[in-house]
Structures are given as structure tokens and as C-alpha cells.
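These notes are about the structure you will find just below.
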Amino acid sequence: MTRGFFNVPKAVNEPVKGYTPGSPEREELLATYKTMFNSNIDVPMHINGEEIRTGNTRNITPPHDHQHIVGQYHIAEKKHIDKAITTALAAREAWSSVSWMERASIFLKAAELLAGPYRAKMNAATMIAQSKNVHQAEIDAACEMIDFFRFNVQYMTDIFKDQPASAPGIWNRVEYRPLEGFVYAISPFNFTSIAANLPASAALMGNVVVWKPSDHQAYSAQVIVDLFKEAGLPDGVINVVYGDPVMITDTVLSSPDFSGLHFTGSTFVFKELWKQIGNNIHTYKTYPRIVGETGGKDFIWAHNSANPLQVATAITRGAFEYQGQKCSAASRAYIPVSIWTDVRKHLEVQTSELKMGSPEDPSNFVNAVIHEGSFDKISKYIDAAKADSDAEVIIGGNHDKSKGYFIEPTVILAKSATYATMTTELFGPVITIYIYEDAEWESSLKLVDESTEYALTGAIFSTDRYIVEQASKALENAAGNFYINDKPTGAVVGQQPFGGARSSGTNDKAGSAQNLLRWTSVRLIKETFVSPQDYKYPFLG
Ligand SMILES: NC(=O)c1ccc[n+]([C@@H]2O[C@H](COP(=O)([O-])OP(=O)(O)OC[C@H]3O[C@@H](n4cnc5c(N)ncnc54)[C@H](O)[C@@H]3O)[C@@H](O)[C@H]2O)c1
Ligand SMILES: N[C@@H](CCC=O)C(=O)O
């Protein structure tokens, strides 16, 4: 029952903790890491609040220490997916009718729990099983997830306030209903916050969800489940399943009640899912919403007016933070020949200072890539570049998977702007640089715009306002998140809503009102206070 027009607390970004040597947060996090690293976690599926253990398990191993087992997760048979769907649908009536404030309150509570007692655990799980350093875990698993919860609550109320005008004698109202059916959330390995947000944003708007996390994020997914439970999320609202993605998806997408896909992951998988939904379209009771944020081949373009140290720093941070495993990571750069010597010198200094190893040692800037498949793919491209006459590996290039999946931050110089690593998403710590003649800066912008299928993030560097304006115009469709004199990574919820177009996704902007709107189906209600009793037009007399 609602007896007032309540305002939600004003959303503010969660401050990023420093974890400086000797700080209490550092002590707590490293102690939590040690304990969790040395214990064995058993991750069940969660259907209707029940923990489902099938006994068919896969190991969870840290990418930086792949022979060490930190736990296992249980995988589904088809009957579990069927149950997750029926359970979600059974929970729908109560969840979709409950006051929006109750839903808001659950996610605001989750934000506060994560800012406090869950912070170290969420960060440690992300460091252990996704191989993030302290800072990368903090900005993702703690701060971005908290921000998603807080800002989405505010955006939900902003949406609800958007109401139509009413002529005298009538009252028009718009009701933001959840979708009729259930939402399928599929999340990637690389951001714990995205994994939480994909099911949570739909659930906040009153939807029920079947959530399939990435196998490589199961550890922190379990912490998210615990967090939601403690925050008071009712059973059956978000049901978590693991296992063969094809079997799970075939089962989910053949349900007539499937009403929305909230996906983040690679472009190929998303396009296949879209096709499958299209093929099944006659099965569904309603047209499913399809929201997907996918791959990128994100660029840094510099003009000769740019500051070489700033360009080099953007490359170091943009390409090598979290081993380049951000969809936003800079992986191709276009540098004018006149500043290249200076940019290169700074890059060599900065990359020589980057330490690589386990995230348990906070002085390691670079950790391991997520799994062997990814390691092998990235190494293959690096080795090909070493052998190729069209390319030269000028920094890094070594890789070793004996203990963990370690790949050195690598810089490739390409003779052609369409060289393989200039156009293919590798999702690793590799950037390829193309040097252009200063006078050809306008045609180099064309290369940036036209040489890949993606349009996720990009950055331009120049101190000349006319150039900034022209480059911004020339690249207006080349990136959904466009940065001027800054690296192309590190979007903050509430400040830089995130997403790209072309093959990079539907650009519904994670952490925004636009995204939340996709999880609603608007009902317009017109109420007439005194109903007409005469059908005749006035001109009929
Ligand atoms: N644009 C964004 O906001 C954004 C954010 C994070 C990651 N990404 C992209 O995600 C990719 C890296 O993440 P990843 O390796 O986890 O991606 P992925 O596509 O391999 O997996 C993503 C999810 O899809 C599932 N999946 C895989 N094959 C499937 C299939 N056939 N049917 C149904 N589900 C399937 C996986 O199990 C996982 O849960 C990169 O391409 C990156 O650019 C994009
Ligand atoms: N939103 C993040 C990227 C998420 C994808 O991996 C950023 O802006 O760096």
C-alpha cells in the first residue's frame, strides 16, 4: 500500500577505496582473499530459492593458478531449466504486483550491504576467479555494482514520473508494466557488476528472470546470490542456472513465455541468439525485447597537436588494465608520425614498469587472462605478428601458461590499417598501432571509422578545438562512448551511460533509464469523468 509520493534517496557514486599499504580495507581484502583462496566453495544453482546440486560439477580455478581448485559449480539438465522457467512464472504474479518501493528498497539495501559487509567478499571472489587486481575488482565488483543498484532505482522513479497531459474532464495515466512472461539474462565473465545488473535491472522493473552467468564468473555470481538473498529478494524472482549454453538457450527460447533477452557478451553469440529468436517468433505470446551489449575494437586516435605523454598513458591504461579484457579496451591506435617517437618512448617506460602476476600481490598491475582458450587465441595472433612482414611486435610479446594464463602487455606496429590485429577483437593485453603521415589526418579518421564492424568506444587526442570538432563529426557513428583527451575505458554509472552500436550492440546504455524502459510494457489508461451520452458530431446539428 502506498500512502504518499515518496522520493528515493538521491543516487551518488560509491567512492573508490584506495587500498593503500596499511589501510584497513587492504588488510581486510587480502585476508579475505587468502581465506577464500584456501577454502572450497560449492556453488549450486538457485531455483525458487532452493539450492540445486546435480552432482554434475565443473571446477573453479583461478586463471593465475590454474591447477589450484577453489571450488566447483553444479550444472543443469534440461529439466532444471524447465523448472527455472515455471518457477519464475509462478513468482511473477506477486513480484509484478508488489509496490515499486518494496523492489527499490531491496536493491538499495543490496547496495548498502555491498558497500559494507559484502565488499571484501565480492572483490576477493572477483580477484580469485576472474583474475582482477585490487583496483580493477574495486571499481567493478564493488563500486559499479553499487552504482547500478542506486542509480537504477532513481531512474525507475524518473521513468514513472513521465506522464501524459490530460485535457479537461479526463485523466490520462501511463503505467509501466513489467513484460508479460520472463526475462532471460546471459552475462559475460569480465564484469561482476554487469553480471549482477543484467538480471537485477529487469527484476527492479517487476520482471522475473532466468539468469545464466558465465562459467568463469560462477564464484562471484554466488556472492551476488547471497547478497540478493540477504537484501530480501523473494524466492523465484531471479533463478540462476549453469551449464551448456546451447541446451539452456534452446530450452529458454522455445518457451512461449520468453519475453526478453538481456545479453552481454560476444558479437557472434548475440547475433546467433537474435537469429534463433527470429526463427521462433511464432512461438511467443509477445514480441520479445532484445537488448545486447557486445564486442568492440576500440580506438585511440591522436592528432599531431596531442600531448605524447597523455596519449601513451591512455594506451597503457586503456589497453592493459584488466589485461585488455574490457569490451571498451583500446586495441587499435592511430598515431601521427611526428609524435610517434615520443609516444613510443613513454610507452616503453610505462610498460616496463608494469608488474605481472597473481592479484594477491597488489603491486601486480597485470594478472592472467581468463582461460586457456583465450590464452591460446591471443598468443596465436601475437606469434603470427612476430612472423609477419606486415607487423612488428615492439613491446612485450611473451606468454606463458605453465602456472597461469599470463600474456605480457604487447604492442604491435602494423604497416597496414587493416592488419588482422587492427580489426579483430582479441580481448587481451594487445594493442596494434598504425602510424600515419601528419598531413593525412583526415583520411586516417576514415580508416578509424570504416575498418571494423564495431562501434563501442573510442578516444581522440588533440589540443586543437577545430580538430576536436572535425574528428568528433567524422567519428560520430564509430563509437557509442566517445572520449576526448581521455582513455576509452572506465565509464561510470550516472556519468557515462555505456553501450555501442553497429556490431557492438543495441546501444540501450547499461545503467540508464533507456535500458530500464526496455523492461517495461507501457499501458495507457484514459479515464473520462463524465462519459458522453450523445454520439452526434456538433456540425450535424
Ligand atoms: N558491450 C559491452 O557492454 C560488453 C561488456 C562486457 C563484455 N562484452 C563482450 O563480451 C565478450 C567477452 O565475454 P565472454 O567471453 O564471457 O563472452 P561470450 O560471448 O563467450 O559469453 C557470454 C555469455 O554467453 C554465453 N554463451 C556462449 N555461447 C552461447 C550460446 N551459443 N548460446 C547462449 N549463450 C552462450 C556464455 O556462457 C556467457 O554466459 C567480448 O566480446 C566483450 O567485448 C561486451
Ligand atoms: N563499462 C566498462 C566496460 C565494460 C565492458 O567490458 C568501461 O567503460 O570500461
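Chain labels follow the order of the C-alpha cells: the first chain is A, the next B, and so on; residue numbering restarts at 1 in every chain, and ligands are counted from 1 in their shown order.
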List all protein, DNA and RNA residues that have at least one atom no more than 8 Å from any atom of ligand 1, counting only C-alpha atoms and all ligand atoms, and write them as a VMD selection string.
-> chain A and resid 186 to 191 194 212 to 216 243 to 246 248 to 249 263 to 270 272 to 273 292 to 296 325 to 328 425 427 456 498 to 500 504 to 505 510
Applying 8 Å and only C-alpha atoms, which residues near A:Ala414 remain after dropping the ones on its own chain fewer than 6 positions away? List them as a compact mmCIF listing (two decimals) with C-alpha atoms, in the first residue's frame.
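Full text of around-v2.txt as output:
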# COMPACT_ATOMS: atom_id res chain seq x y z
CA ASP A 390 53.32 -6.61 -42.24
CA ALA A 391 53.73 -6.29 -38.49
CA GLU A 392 56.34 -5.92 -35.77
CA MET A 422 43.84 -3.85 -36.19
CA THR A 432 48.14 -2.55 -32.50
CA ILE A 433 49.38 0.83 -33.68
CA TYR A 434 49.22 2.28 -37.16
CA ILE A 435 51.42 5.29 -37.92
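With only C-alpha atoms and all ligand atoms as the basis for measurement, A:Ala141 is the residue among A:Ile52, A:Ile382, A:Ala478, A:Ala141 that approaches ligand 2 most closely.
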Option closest in space to ligand 2, from A:Asn279, A:Thr418, A:Ser193, A:Gln72 [counting only C-alpha atoms and all ligand atoms] =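 Result for the nearest residue to ligand 2: A:Ser193.
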A:Gln323, A:Thr424, A:Thr251, A:Gln276 ranked by distance to A:His64, top pick (using only C-alpha atoms) |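 Using only C-alpha atoms, A:His64 sits closest to A:Gln323.
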Selection near stretch 134-139 of chain A, 10 Å with only C-alpha atoms, sequence-local residues under 3 positions removed, as a ChimeraX atom specification = /A:14-19,26,29-30,119-120,122-128,130-131,142-146,191-193,321-322,359-365,490,492
